[in-house]
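> For reference, the file target.csv (CSV, N, CA and C atoms) is included below:
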```
chain,number,residue,atom,x,y,z
A,27,MET,N,-9.2,-22.0,10.6
A,27,MET,CA,-8.5,-22.8,9.6
A,27,MET,C,-8.9,-24.3,9.7
A,28,LYS,N,-9.2,-24.7,10.9
A,28,LYS,CA,-9.6,-26.1,11.2
A,28,LYS,C,-10.9,-26.5,10.5
A,29,ARG,N,-11.7,-25.5,10.2
A,29,ARG,CA,-13.1,-25.8,9.7
A,29,ARG,C,-13.0,-26.1,8.2
A,30,ASP,N,-12.0,-25.6,7.5
A,30,ASP,CA,-11.9,-25.8,6.1
A,30,ASP,C,-10.6,-26.6,5.7
A,31,PRO,N,-10.8,-27.9,5.5
A,31,PRO,CA,-9.6,-28.7,5.2
A,31,PRO,C,-8.9,-28.3,3.9
A,32,GLU,N,-9.6,-27.8,2.9
A,32,GLU,CA,-9.0,-27.4,1.7
A,32,GLU,C,-8.1,-26.2,1.9
A,33,LEU,N,-8.6,-25.3,2.7
A,33,LEU,CA,-7.8,-24.1,3.0
A,33,LEU,C,-6.5,-24.5,3.8
A,34,ALA,N,-6.7,-25.3,4.7
A,34,ALA,CA,-5.6,-25.8,5.6
A,34,ALA,C,-4.5,-26.5,4.7
A,35,GLN,N,-5.0,-27.3,3.8
A,35,GLN,CA,-4.1,-28.0,2.9
A,35,GLN,C,-3.4,-27.0,2.0
A,36,ALA,N,-4.1,-26.0,1.5
A,36,ALA,CA,-3.4,-25.0,0.6
A,36,ALA,C,-2.4,-24.2,1.4
A,37,VAL,N,-2.6,-23.9,2.7
A,37,VAL,CA,-1.6,-23.3,3.5
A,37,VAL,C,-0.4,-24.2,3.7
A,38,ARG,N,-0.6,-25.4,4.0
A,38,ARG,CA,0.5,-26.4,4.1
A,38,ARG,C,1.3,-26.5,2.9
A,39,ALA,N,0.7,-26.7,1.7
A,39,ALA,CA,1.4,-26.8,0.5
A,39,ALA,C,2.2,-25.6,0.1
A,40,THR,N,1.6,-24.4,0.3
A,40,THR,CA,2.3,-23.1,0.0
A,40,THR,C,3.5,-23.0,1.0
A,41,ALA,N,3.3,-23.3,2.3
A,41,ALA,CA,4.4,-23.2,3.2
A,41,ALA,C,5.5,-24.1,2.8
A,42,TYR,N,5.2,-25.3,2.4
A,42,TYR,CA,6.2,-26.2,2.0
A,42,TYR,C,7.0,-25.7,0.8
A,43,PHE,N,6.2,-25.2,-0.2
A,43,PHE,CA,6.8,-24.7,-1.4
A,43,PHE,C,7.8,-23.5,-1.0
A,44,LEU,N,7.4,-22.6,-0.2
A,44,LEU,CA,8.2,-21.5,0.2
A,44,LEU,C,9.4,-21.9,1.0
A,45,TRP,N,9.3,-22.9,1.9
A,45,TRP,CA,10.4,-23.5,2.6
A,45,TRP,C,11.4,-24.1,1.7
A,46,GLU,N,10.9,-24.9,0.7
A,46,GLU,CA,11.9,-25.5,-0.2
A,46,GLU,C,12.6,-24.4,-1.0
A,47,GLN,N,11.9,-23.4,-1.5
A,47,GLN,CA,12.5,-22.3,-2.2
A,47,GLN,C,13.6,-21.6,-1.5
A,48,ASP,N,13.5,-21.6,-0.2
A,48,ASP,CA,14.5,-20.9,0.7
A,48,ASP,C,15.6,-21.8,1.2
A,49,GLY,N,15.6,-23.1,0.6
A,49,GLY,CA,16.7,-24.0,1.0
A,49,GLY,C,16.5,-24.8,2.2
A,50,ARG,N,15.2,-25.0,2.6
A,50,ARG,CA,14.8,-25.8,3.7
A,50,ARG,C,15.5,-25.5,5.0
A,51,PRO,N,15.4,-24.3,5.5
A,51,PRO,CA,16.0,-23.9,6.8
A,51,PRO,C,15.2,-24.6,7.9
A,52,GLU,N,16.0,-25.0,8.9
A,52,GLU,CA,15.4,-25.7,10.0
A,52,GLU,C,14.8,-24.7,11.1
A,53,GLY,N,13.8,-25.2,11.8
A,53,GLY,CA,13.3,-24.5,12.9
A,53,GLY,C,12.4,-23.2,12.6
A,54,ARG,N,11.9,-23.1,11.3
A,54,ARG,CA,11.2,-22.0,10.9
A,54,ARG,C,9.8,-22.3,10.4
A,55,SER,N,9.3,-23.4,10.8
A,55,SER,CA,8.0,-23.9,10.2
A,55,SER,C,6.9,-22.9,10.4
A,56,PHE,N,6.8,-22.3,11.6
A,56,PHE,CA,5.8,-21.3,11.9
A,56,PHE,C,5.9,-20.1,11.0
A,57,ASP,N,7.1,-19.6,10.8
A,57,ASP,CA,7.3,-18.5,9.9
A,57,ASP,C,6.8,-18.8,8.5
A,58,TYR,N,7.0,-20.0,8.0
A,58,TYR,CA,6.6,-20.3,6.7
A,58,TYR,C,5.1,-20.5,6.6
A,59,TRP,N,4.5,-21.0,7.7
A,59,TRP,CA,3.0,-21.1,7.8
A,59,TRP,C,2.4,-19.7,7.7
A,60,LEU,N,3.0,-18.7,8.5
A,60,LEU,CA,2.5,-17.4,8.4
A,60,LEU,C,2.6,-16.7,7.0
A,61,LYS,N,3.8,-17.0,6.4
A,61,LYS,CA,4.0,-16.4,5.1
A,61,LYS,C,3.0,-17.0,4.1
A,62,ALA,N,2.7,-18.3,4.2
A,62,ALA,CA,1.8,-19.0,3.3
A,62,ALA,C,0.4,-18.4,3.5
A,63,LYS,N,0.0,-18.2,4.7
A,63,LYS,CA,-1.3,-17.7,5.1
A,63,LYS,C,-1.5,-16.3,4.4
A,64,GLU,N,-0.4,-15.5,4.5
A,64,GLU,CA,-0.4,-14.2,3.9
A,64,GLU,C,-0.6,-14.2,2.4
A,65,VAL,N,0.2,-15.1,1.8
A,65,VAL,CA,0.1,-15.3,0.3
A,65,VAL,C,-1.3,-15.7,-0.1
A,66,LEU,N,-1.9,-16.6,0.6
A,66,LEU,CA,-3.3,-17.0,0.3
A,66,LEU,C,-4.3,-15.9,0.5
A,67,LEU,N,-4.1,-15.2,1.6
A,67,LEU,CA,-5.0,-14.0,1.9
A,67,LEU,C,-4.9,-13.0,0.8
A,68,ARG,N,-3.8,-12.7,0.3
A,68,ARG,CA,-3.6,-11.7,-0.7
A,68,ARG,C,-4.3,-12.2,-2.0
A,69,ARG,N,-4.1,-13.4,-2.3
A,69,ARG,CA,-4.6,-14.0,-3.5
A,69,ARG,C,-6.2,-14.0,-3.5
A,70,LEU,N,-6.7,-14.4,-2.4
A,70,LEU,CA,-8.2,-14.4,-2.2
A,70,LEU,C,-8.8,-13.0,-2.3
A,71,ALA,N,-8.2,-12.1,-1.6
A,71,ALA,CA,-8.7,-10.7,-1.6
A,71,ALA,C,-8.6,-10.1,-3.0
A,72,TYR,N,-7.5,-10.3,-3.7
A,72,TYR,CA,-7.3,-9.8,-5.0
A,72,TYR,C,-8.2,-10.4,-6.0
A,73,ASP,N,-8.4,-11.7,-6.0
A,73,ASP,CA,-9.3,-12.4,-6.9
A,73,ASP,C,-10.8,-11.9,-6.7
A,74,ARG,N,-11.2,-11.7,-5.4
A,74,ARG,CA,-12.5,-11.2,-5.1
A,74,ARG,C,-12.7,-9.7,-5.6
A,75,TRP,N,-11.6,-8.9,-5.4
A,75,TRP,CA,-11.7,-7.6,-5.9
A,75,TRP,C,-11.8,-7.5,-7.4
A,76,LEU,N,-11.1,-8.4,-8.1
A,76,LEU,CA,-11.2,-8.5,-9.6
A,76,LEU,C,-12.6,-9.0,-10.0
A,77,ALA,N,-13.1,-10.0,-9.3
A,77,ALA,CA,-14.4,-10.6,-9.6
A,77,ALA,C,-15.5,-9.5,-9.5
A,78,GLU,N,-15.3,-8.6,-8.6
A,78,GLU,CA,-16.3,-7.5,-8.4
A,78,GLU,C,-16.2,-6.4,-9.4
A,79,GLY,N,-15.2,-6.5,-10.3
A,79,GLY,CA,-15.0,-5.5,-11.2
A,79,GLY,C,-14.1,-4.4,-10.8
A,80,SER,N,-13.2,-4.7,-9.9
A,80,SER,CA,-12.2,-3.7,-9.3
A,80,SER,C,-12.8,-2.4,-8.8
A,81,PRO,N,-13.8,-2.5,-8.0
A,81,PRO,CA,-14.5,-1.3,-7.5
A,81,PRO,C,-13.6,-0.4,-6.7
A,82,LEU,N,-13.7,0.9,-7.0
A,82,LEU,CA,-13.0,1.9,-6.1
A,82,LEU,C,-13.6,1.9,-4.7
A,83,GLY,N,-12.7,2.0,-3.8
A,83,GLY,CA,-13.2,2.1,-2.4
A,83,GLY,C,-13.6,0.8,-1.7
A,84,ARG,N,-13.6,-0.3,-2.4
A,84,ARG,CA,-14.0,-1.6,-1.8
A,84,ARG,C,-12.8,-2.4,-1.4
A,85,ASP,N,-11.6,-2.0,-1.8
A,85,ASP,CA,-10.5,-2.8,-1.5
A,85,ASP,C,-10.3,-3.2,0.0
A,86,TYR,N,-10.5,-2.2,0.8
A,86,TYR,CA,-10.3,-2.5,2.3
A,86,TYR,C,-11.4,-3.4,2.8
A,87,ASP,N,-12.6,-3.2,2.4
A,87,ASP,CA,-13.7,-4.1,2.8
A,87,ASP,C,-13.5,-5.5,2.3
A,88,ILE,N,-13.1,-5.7,1.1
A,88,ILE,CA,-12.8,-7.0,0.6
A,88,ILE,C,-11.6,-7.7,1.4
A,89,TRP,N,-10.6,-6.9,1.7
A,89,TRP,CA,-9.5,-7.4,2.5
A,89,TRP,C,-9.9,-7.9,3.8
A,90,VAL,N,-10.8,-7.1,4.5
A,90,VAL,CA,-11.3,-7.5,5.8
A,90,VAL,C,-12.1,-8.8,5.7
A,91,GLU,N,-13.0,-8.9,4.7
A,91,GLU,CA,-13.8,-10.1,4.5
A,91,GLU,C,-12.9,-11.3,4.3
A,92,ALA,N,-11.9,-11.2,3.4
A,92,ALA,CA,-11.0,-12.3,3.1
A,92,ALA,C,-10.2,-12.7,4.4
A,93,SER,N,-9.8,-11.7,5.1
A,93,SER,CA,-9.1,-12.0,6.4
A,93,SER,C,-9.9,-12.8,7.3
A,94,LYS,N,-11.2,-12.4,7.5
A,94,LYS,CA,-12.1,-13.2,8.4
A,94,LYS,C,-12.2,-14.6,7.9
A,95,GLU,N,-12.4,-14.8,6.6
A,95,GLU,CA,-12.5,-16.1,6.0
A,95,GLU,C,-11.3,-17.0,6.3
A,96,ILE,N,-10.1,-16.4,6.1
A,96,ILE,CA,-8.9,-17.1,6.3
A,96,ILE,C,-8.7,-17.5,7.8
A,97,ASP,N,-9.0,-16.6,8.6
A,97,ASP,CA,-8.8,-16.8,10.1
A,97,ASP,C,-9.9,-17.8,10.6
A,98,GLU,N,-11.1,-17.7,10.1
A,98,GLU,CA,-12.2,-18.6,10.6
A,98,GLU,C,-12.2,-19.9,9.9
A,99,GLY,N,-11.8,-19.9,8.6
A,99,GLY,CA,-11.9,-21.1,7.8
A,99,GLY,C,-11.1,-22.2,8.2
```
Step by step, read the file and then write its structure as structure tokens.


Amino acid sequence: MKRDPELAQAVRATAYFLWEQDGRPEGRSFDYWLKAKEVLLRRLAYDRWLAEGSPLGRDYDIWVEASKEIDEG
């Protein structure tokens, strides 16, 4: 995540949004960071799957590729 500042900013913004929606609970920043990362991973994988024409049997491969990008980015 440190290599891609845009991705890091997207995780921060999403985490902040989720935190605000839940009433700003204290001491749970890491939980919201993980939730935000999951949201962005799902969005990235789904967008790629759609862009490829929703191919049968490629969903898992696309998920793995997106996971690597999120973790390494």

> For Leu67 of chain A, which residue out of A:Arg29, A:Ser80, A:Val37, A:Ala92 is the nearest one, using only C-alpha atoms?

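That would be A:Ala92, the residue with the smallest distance to Leu67 of chain A.
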
> Could you please determine the separation between atom C of Trp45 of chain A and atom C of Arg68 of chain A in Å, to one decimal place?

20.0 Å

> Mind giving me the straight-line distance from atom CA of Arg54 of chain A to atom CA of Ala41 of chain A in Å, one decimal?

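Interatomic distance, atom CA of Arg54 of chain A to atom CA of Ala41 of chain A: 10.3 Å.
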
> Using backbone DSSP assignments, extract all alpha helix (DSSP H) residues from chain A; output them as a PyMOL selection string.

chain A and resi 31-47+55-77+85-98

> To one decimal place, how far is atom CA of Leu44 of chain A from atom C of Ala62 of chain A in Å?

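Atom-to-atom, atom CA of Leu44 of chain A to atom C of Ala62 of chain A, that is 9.0 Å.
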
> Taking (0.8, -21.7, 8.3) in the file's own coordinates, collect the residues within 9 Å, counting only C-alpha atoms, and hand them back as a short mmCIF file (atom, residue, chain, number, x, y, z; two decimals) with N, CA and C atoms, in the coordinates of the input.


```cif
data_model
loop_
_atom_site.label_atom_id
_atom_site.label_comp_id
_atom_site.auth_asym_id
_atom_site.auth_seq_id
_atom_site.Cartn_x
_atom_site.Cartn_y
_atom_site.Cartn_z
N ALA A 34 -6.70 -25.30 4.70
CA ALA A 34 -5.60 -25.80 5.60
C ALA A 34 -4.50 -26.50 4.70
N VAL A 37 -2.60 -23.90 2.70
CA VAL A 37 -1.60 -23.30 3.50
C VAL A 37 -0.40 -24.20 3.70
N ARG A 38 -0.60 -25.40 4.00
CA ARG A 38 0.50 -26.40 4.10
C ARG A 38 1.30 -26.50 2.90
N THR A 40 1.60 -24.40 0.30
CA THR A 40 2.30 -23.10 0.00
C THR A 40 3.50 -23.00 1.00
N ALA A 41 3.30 -23.30 2.30
CA ALA A 41 4.40 -23.20 3.20
C ALA A 41 5.50 -24.10 2.80
N SER A 55 9.30 -23.40 10.80
CA SER A 55 8.00 -23.90 10.20
C SER A 55 6.90 -22.90 10.40
N PHE A 56 6.80 -22.30 11.60
CA PHE A 56 5.80 -21.30 11.90
C PHE A 56 5.90 -20.10 11.00
N ASP A 57 7.10 -19.60 10.80
CA ASP A 57 7.30 -18.50 9.90
C ASP A 57 6.80 -18.80 8.50
N TYR A 58 7.00 -20.00 8.00
CA TYR A 58 6.60 -20.30 6.70
C TYR A 58 5.10 -20.50 6.60
N TRP A 59 4.50 -21.00 7.70
CA TRP A 59 3.00 -21.10 7.80
C TRP A 59 2.40 -19.70 7.70
N LEU A 60 3.00 -18.70 8.50
CA LEU A 60 2.50 -17.40 8.40
C LEU A 60 2.60 -16.70 7.00
N LYS A 61 3.80 -17.00 6.40
CA LYS A 61 4.00 -16.40 5.10
C LYS A 61 3.00 -17.00 4.10
N ALA A 62 2.70 -18.30 4.20
CA ALA A 62 1.80 -19.00 3.30
C ALA A 62 0.40 -18.40 3.50
N LYS A 63 0.00 -18.20 4.70
CA LYS A 63 -1.30 -17.70 5.10
C LYS A 63 -1.50 -16.30 4.40
N GLU A 64 -0.40 -15.50 4.50
CA GLU A 64 -0.40 -14.20 3.90
C GLU A 64 -0.60 -14.20 2.40
#
```
